[in-house]
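Shown next: data.txt, given as compact mmCIF, C-alpha atoms.
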```
# COMPACT_ATOMS: atom_id res chain seq x y z
CA MET A 26 8.78 -15.11 -7.97
CA ILE A 27 10.79 -13.15 -5.41
CA LYS A 28 13.77 -13.04 -7.77
CA GLN A 29 11.59 -11.50 -10.49
CA PHE A 30 10.43 -8.68 -8.22
CA MET A 31 13.89 -8.11 -6.77
CA LYS A 32 15.41 -7.95 -10.29
CA LYS A 33 12.92 -5.18 -11.09
CA LEU A 34 14.06 -3.35 -7.99
CA GLN A 35 17.73 -3.65 -8.95
CA SER A 36 17.12 -2.77 -12.61
CA GLU A 37 15.63 0.53 -11.42
CA GLY A 38 18.79 1.26 -9.42
CA PHE A 39 17.61 0.30 -5.94
CA LYS A 40 19.46 -1.96 -3.53
CA TYR A 41 18.38 -5.47 -2.73
CA THR A 42 18.02 -5.57 1.05
CA ASN A 43 16.87 -8.25 3.47
CA GLN A 44 14.14 -5.92 4.76
CA ARG A 45 12.73 -5.38 1.25
CA GLU A 46 12.84 -9.09 0.57
CA GLU A 47 11.03 -9.79 3.86
CA VAL A 48 8.23 -7.35 3.00
CA LEU A 49 7.94 -8.98 -0.42
CA ARG A 50 7.81 -12.48 1.12
CA ILE A 51 4.95 -11.42 3.38
CA LEU A 52 3.01 -9.94 0.47
CA LEU A 53 3.55 -13.16 -1.50
CA LYS A 54 2.45 -15.35 1.42
CA ASN A 55 -0.69 -13.23 1.75
CA LYS A 56 -1.30 -12.66 -1.95
CA ASN A 57 -5.07 -13.01 -1.58
CA SER A 58 -5.20 -10.34 1.12
CA HIS A 59 -5.18 -6.57 0.99
CA MET A 60 -2.61 -5.83 3.66
CA SER A 61 -2.02 -2.51 5.40
CA CYS A 62 1.42 -1.25 6.35
CA ASP A 63 0.66 -2.06 10.00
CA GLU A 64 -0.35 -5.62 9.14
CA VAL A 65 2.83 -6.18 7.12
CA HIS A 66 4.92 -4.69 9.92
CA SER A 67 3.22 -6.86 12.53
CA ILE A 68 4.22 -10.00 10.63
CA VAL A 69 7.72 -8.76 9.79
CA SER A 70 8.44 -7.78 13.37
CA ASN A 71 7.65 -11.30 14.58
CA ASP A 72 10.65 -12.59 12.61
CA SER A 73 12.88 -9.53 12.36
CA LYS A 74 12.82 -7.23 15.35
CA ASP A 75 15.15 -4.78 13.60
CA VAL A 76 12.60 -3.84 10.89
CA GLY A 77 10.67 -0.74 11.94
CA ILE A 78 7.30 0.50 10.74
CA ALA A 79 9.01 3.37 8.86
CA THR A 80 11.10 0.86 6.88
CA VAL A 81 7.99 -1.11 5.93
CA TYR A 82 6.17 2.09 4.95
CA ARG A 83 9.06 3.32 2.78
CA THR A 84 9.41 -0.12 1.20
CA LEU A 85 5.72 -0.24 0.29
CA GLN A 86 5.94 3.28 -1.15
CA LEU A 87 8.94 2.25 -3.25
CA PHE A 88 7.20 -0.92 -4.41
CA GLU A 89 4.19 1.16 -5.46
CA LYS A 90 6.39 3.62 -7.34
CA LEU A 91 8.03 0.73 -9.22
CA GLY A 92 4.69 -0.95 -9.98
CA ILE A 93 5.46 -3.97 -7.81
CA VAL A 94 2.33 -3.37 -5.70
CA TYR A 95 -0.98 -1.60 -6.13
CA LYS A 96 -2.08 0.77 -3.39
CA ILE A 97 -5.78 0.39 -2.64
CA ASN A 98 -8.08 2.56 -0.55
CA PHE A 99 -11.40 1.18 0.68
CA ASP A 100 -12.55 4.54 2.05
CA ASP A 101 -11.77 3.60 5.64
CA GLY A 102 -8.65 5.73 5.99
CA VAL A 103 -6.26 2.78 5.65
CA SER A 104 -4.10 2.20 2.58
CA ARG A 105 -3.74 -1.43 1.62
CA TYR A 106 -1.39 -3.12 -0.79
CA GLU A 107 -1.48 -6.08 -3.12
CA LEU A 108 1.11 -7.45 -5.48
CA ASN A 109 1.02 -6.58 -9.16
CA PHE A 110 1.60 -9.84 -10.98
CA GLY A 111 1.33 -8.05 -14.33
CA THR A 112 -1.51 -10.25 -15.51
CA GLU A 113 -4.25 -7.59 -15.55
CA ASN A 114 -4.68 -4.48 -17.65
CA HIS A 115 -6.22 -2.75 -14.67
CA HIS A 116 -7.40 -3.39 -11.16
CA HIS A 117 -10.14 -5.80 -10.37
CA HIS A 118 -13.27 -4.84 -8.51
CA HIS A 119 -14.02 -5.25 -4.80
CA LEU A 120 -17.03 -6.15 -2.69
CA ILE A 121 -16.79 -4.49 0.72
CA CYS A 122 -18.99 -5.67 3.57
CA THR A 123 -20.29 -2.73 5.59
CA ASN A 124 -20.97 -5.07 8.51
CA CYS A 125 -17.73 -7.02 9.06
CA GLY A 126 -15.37 -5.12 6.74
CA SER A 127 -14.41 -8.14 4.66
CA VAL A 128 -13.17 -7.47 1.13
CA THR A 129 -13.77 -9.86 -1.75
CA GLU A 130 -12.21 -9.50 -5.18
CA VAL A 131 -14.43 -9.71 -8.26
CA LYS A 132 -12.51 -10.86 -11.30
CA LEU A 133 -15.46 -10.38 -13.67
CA ASP A 134 -15.03 -7.16 -15.65
CA LEU A 135 -18.07 -5.97 -17.54
CA LEU A 136 -16.81 -2.41 -17.90
CA GLU A 137 -14.64 -2.91 -20.98
CA SER A 138 -17.49 -2.14 -23.39
CA LEU A 139 -18.40 0.94 -21.32
CA GLU A 140 -14.76 2.08 -21.45
CA ASP A 141 -14.72 1.60 -25.23
CA GLU A 142 -17.92 3.64 -25.57
CA ILE A 143 -16.58 6.46 -23.37
CA GLU A 144 -13.32 6.59 -25.31
CA LYS A 145 -15.22 6.67 -28.61
CA GLU A 146 -17.82 9.28 -27.58
CA GLU A 147 -15.68 11.54 -25.37
CA GLY A 148 -12.24 11.08 -26.89
CA PHE A 149 -11.05 10.28 -23.38
CA ILE A 150 -8.31 7.69 -23.00
CA ILE A 151 -9.08 5.56 -19.95
CA GLN A 152 -5.96 4.23 -18.26
CA ASP A 153 -7.61 2.52 -15.32
CA HIS A 154 -10.76 2.36 -13.26
CA ASN A 155 -11.66 1.37 -9.74
CA VAL A 156 -15.04 -0.01 -8.72
CA LYS A 157 -16.11 -0.78 -5.16
CA PHE A 158 -19.44 -2.28 -4.22
CA TYR A 159 -20.63 -1.81 -0.63
CA GLY A 160 -23.14 -4.12 1.02
CA ILE A 161 -23.55 -7.17 3.23
CA CYS A 162 -21.39 -10.24 2.54
CA LYS A 163 -22.82 -13.74 2.35
CA ASP A 164 -21.48 -14.73 5.79
CA CYS A 165 -23.07 -11.72 7.51
CA LYS A 166 -26.31 -12.22 5.59
CA ASP A 167 -26.42 -15.89 6.58
CA LYS A 168 -25.65 -15.01 10.21
CA LYS A 169 -28.45 -12.41 10.30
CA GLU A 170 -30.92 -14.93 8.86
CA SER A 171 -29.77 -17.57 11.35
CA ASP A 172 -30.13 -15.11 14.27
CA ARG A 173 -33.60 -14.16 13.04
CA GLU A 174 -34.64 -17.82 12.89
CA GLU A 175 -33.34 -18.42 16.43
CA ASN A 176 -35.26 -15.39 17.71
CA THR A 177 -38.44 -16.62 16.02
CA GLU A 178 -38.03 -20.06 17.58
CA GLU A 179 -37.53 -18.46 21.03
CA LYS A 180 -40.77 -16.47 20.63
CA TYR A 181 -42.76 -19.62 19.86
CA LYS A 182 -41.31 -21.40 22.93
CA GLU A 183 -42.67 -18.67 25.22
```
Could you show the structure in this file as structure tokens?
Amino acid sequence: MIKQFMKKLQSEGFKYTNQREEVLRILLKNKNSHMSCDEVHSIVSNDSKDVGIATVYRTLQLFEKLGIVYKINFDDGVSRYELNFGTENHHHHHLICTNCGSVTEVKLDLLESLEDEIEKEEGFIIQDHNVKFYGICKDCKDKKESDREENTEEKYKE
């Protein structure tokens, strides 16, 4: 998988460097995460002290430009990145917990018929869309319910 991404880099006229490969390895190891530049740098710097935050930032920007990664913003002021495996026509959707900040991907896409209707009615060619749902995740919901039950039990003991 790394070779495939690095070939894309070289085919676009960019050098294959150890630092770029290291950033790519971290993204691959954390492919189910939405990692920020700081998070990638934190992991890289554990193994390679000579890789600075600016190098990681520039590498992620280059990867985005080449379509190797998607840049995602969850409206918290932090850009996050995930690998583009080329298996989707557009981004998937995200569930964002307003309590703990967890992000869950939703693979289900029910917007294709809406996109078709918009293109037909408005003559607008949709290239992509981005949907974010904000709420309380299952873990936080379960914890709140558990805390509530404990509080109720404490009241009855008194």
*asked:* Which residue is closest to Gln44 of chain A? Choose from A:His66, A:Lys145, A:Lys132, A:Lys28 and count all atoms listed in the file.
replied: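 Of A:His66, A:Lys145, A:Lys132, A:Lys28, the one nearest Gln44 of chain A, counting all atoms listed in the file, is A:His66.
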*Select, from A:Asp153, A:Glu37, A:Glu89, A:Glu175, the residue with the minimum atom-to-atom distance to Glu137 of chain A, counting all atoms listed in the file.*
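Of A:Asp153, A:Glu37, A:Glu89, A:Glu175, the one nearest Glu137 of chain A, counting all atoms listed in the file, is A:Asp153.
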_Could you check the closest approach to Ile78 of chain A for each of A:Gln29, A:Ser61, A:Gln152, A:Asn43 and tell me which residue wins, using all atoms listed in the file?_
A:Ser61
*Name the residues, using the chain letters and numbers of the file, that sit within 12 Å of (13.2, -8.4, -9.9) when counting all atoms listed in the file, and give them as a list in words.*
Met26, Ile27, Lys28, Gln29, Phe30, Met31, Lys32, Lys33, Leu34, Gln35, Ser36, Glu37, Gly38, Phe39, Lys40, Tyr41, Arg45, Glu46, Leu49, Phe88, Leu91, Gly92, Ile93 and Phe110 of chain A
*Provide the atom CA of Lys157 of chain A to atom CA of Phe99 of chain A distance in Å, to one decimal place.*
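Those two atoms sit 7.8 Å apart.
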*Could you pull the residues within 10 Å of Asn57 of chain A, counting all atoms listed in the file, minus those fewer than 6 positions along the same chain, as a list of chain:residue names?*
A:Glu107, A:Leu108, A:Thr129, A:Glu130
*In Å, with one decimal, what is the gap from atom CA of His117 of chain A to atom CA of Phe158 of chain A?*
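Separation of atom CA of His117 of chain A and atom CA of Phe158 of chain A: 11.7 Å.
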*At what distance in Å, to one decimal, does atom CA of Asp101 of chain A lie from atom CA of Leu133 of chain A?*
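Atom CA of Leu133 of chain A sits 24.1 Å away from atom CA of Asp101 of chain A.
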*Go through A:Leu139, A:Leu120, A:Leu87, A:Cys62 one by one, measure the shortest atom-to-atom distance of each to Val103 of chain A using all atoms listed in the file, and give the residue with the smallest value.*
A:Cys62
*Step by step: start from the point (-10.9, 1.8, -21.0) in the file's coordinates, keep every protein, DNA or RNA residue that has an atom no farther than 12 Å from it, count only C-alpha atoms, and write the set as a ChimeraX atom specification.*
/A:114-116,134-145,147-155
*Can you work out which one of A:Tyr95, A:His59, A:Asp72, A:Lys163 has the shortest atom-to-atom distance to Glu47 of chain A, counting all atoms listed in the file?*
A:Asp72
Could I get segment 50-61 of chain A rebuilt with N, CA and C atoms, written as a PDB file, in the coordinates of the input?
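The result, written out as part_23.pdb:
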```
ATOM      1  N   ARG A  50       8.206 -11.116   0.728  1.00  0.00           N
ATOM      2  CA  ARG A  50       7.810 -12.480   1.120  1.00  0.00           C
ATOM      3  C   ARG A  50       6.442 -12.473   1.807  1.00  0.00           C
ATOM      4  N   ILE A  51       6.227 -11.500   2.664  1.00  0.00           N
ATOM      5  CA  ILE A  51       4.950 -11.420   3.380  1.00  0.00           C
ATOM      6  C   ILE A  51       3.810 -11.135   2.410  1.00  0.00           C
ATOM      7  N   LEU A  52       4.042 -10.237   1.470  1.00  0.00           N
ATOM      8  CA  LEU A  52       3.010  -9.940   0.470  1.00  0.00           C
ATOM      9  C   LEU A  52       2.707 -11.174  -0.382  1.00  0.00           C
ATOM     10  N   LEU A  53       3.750 -11.929  -0.714  1.00  0.00           N
ATOM     11  CA  LEU A  53       3.550 -13.160  -1.500  1.00  0.00           C
ATOM     12  C   LEU A  53       2.783 -14.220  -0.698  1.00  0.00           C
ATOM     13  N   LYS A  54       3.135 -14.374   0.577  1.00  0.00           N
ATOM     14  CA  LYS A  54       2.450 -15.350   1.420  1.00  0.00           C
ATOM     15  C   LYS A  54       0.980 -14.995   1.625  1.00  0.00           C
ATOM     16  N   ASN A  55       0.677 -13.717   1.528  1.00  0.00           N
ATOM     17  CA  ASN A  55      -0.690 -13.230   1.750  1.00  0.00           C
ATOM     18  C   ASN A  55      -1.253 -12.619   0.466  1.00  0.00           C
ATOM     19  N   LYS A  56      -0.957 -13.251  -0.655  1.00  0.00           N
ATOM     20  CA  LYS A  56      -1.300 -12.660  -1.950  1.00  0.00           C
ATOM     21  C   LYS A  56      -2.794 -12.487  -2.184  1.00  0.00           C
ATOM     22  N   ASN A  57      -3.624 -13.171  -1.430  1.00  0.00           N
ATOM     23  CA  ASN A  57      -5.070 -13.010  -1.580  1.00  0.00           C
ATOM     24  C   ASN A  57      -5.653 -12.009  -0.591  1.00  0.00           C
ATOM     25  N   SER A  58      -4.767 -11.335   0.137  1.00  0.00           N
ATOM     26  CA  SER A  58      -5.200 -10.340   1.120  1.00  0.00           C
ATOM     27  C   SER A  58      -4.874  -8.945   0.626  1.00  0.00           C
ATOM     28  N   HIS A  59      -5.472  -7.980   1.252  1.00  0.00           N
ATOM     29  CA  HIS A  59      -5.180  -6.570   0.990  1.00  0.00           C
ATOM     30  C   HIS A  59      -4.589  -6.045   2.287  1.00  0.00           C
ATOM     31  N   MET A  60      -3.275  -6.095   2.391  1.00  0.00           N
ATOM     32  CA  MET A  60      -2.610  -5.830   3.660  1.00  0.00           C
ATOM     33  C   MET A  60      -2.246  -4.363   3.837  1.00  0.00           C
ATOM     34  N   SER A  61      -2.441  -3.865   5.047  1.00  0.00           N
ATOM     35  CA  SER A  61      -2.020  -2.510   5.400  1.00  0.00           C
ATOM     36  C   SER A  61      -0.552  -2.543   5.807  1.00  0.00           C
TER      37      SER A  61
END
```
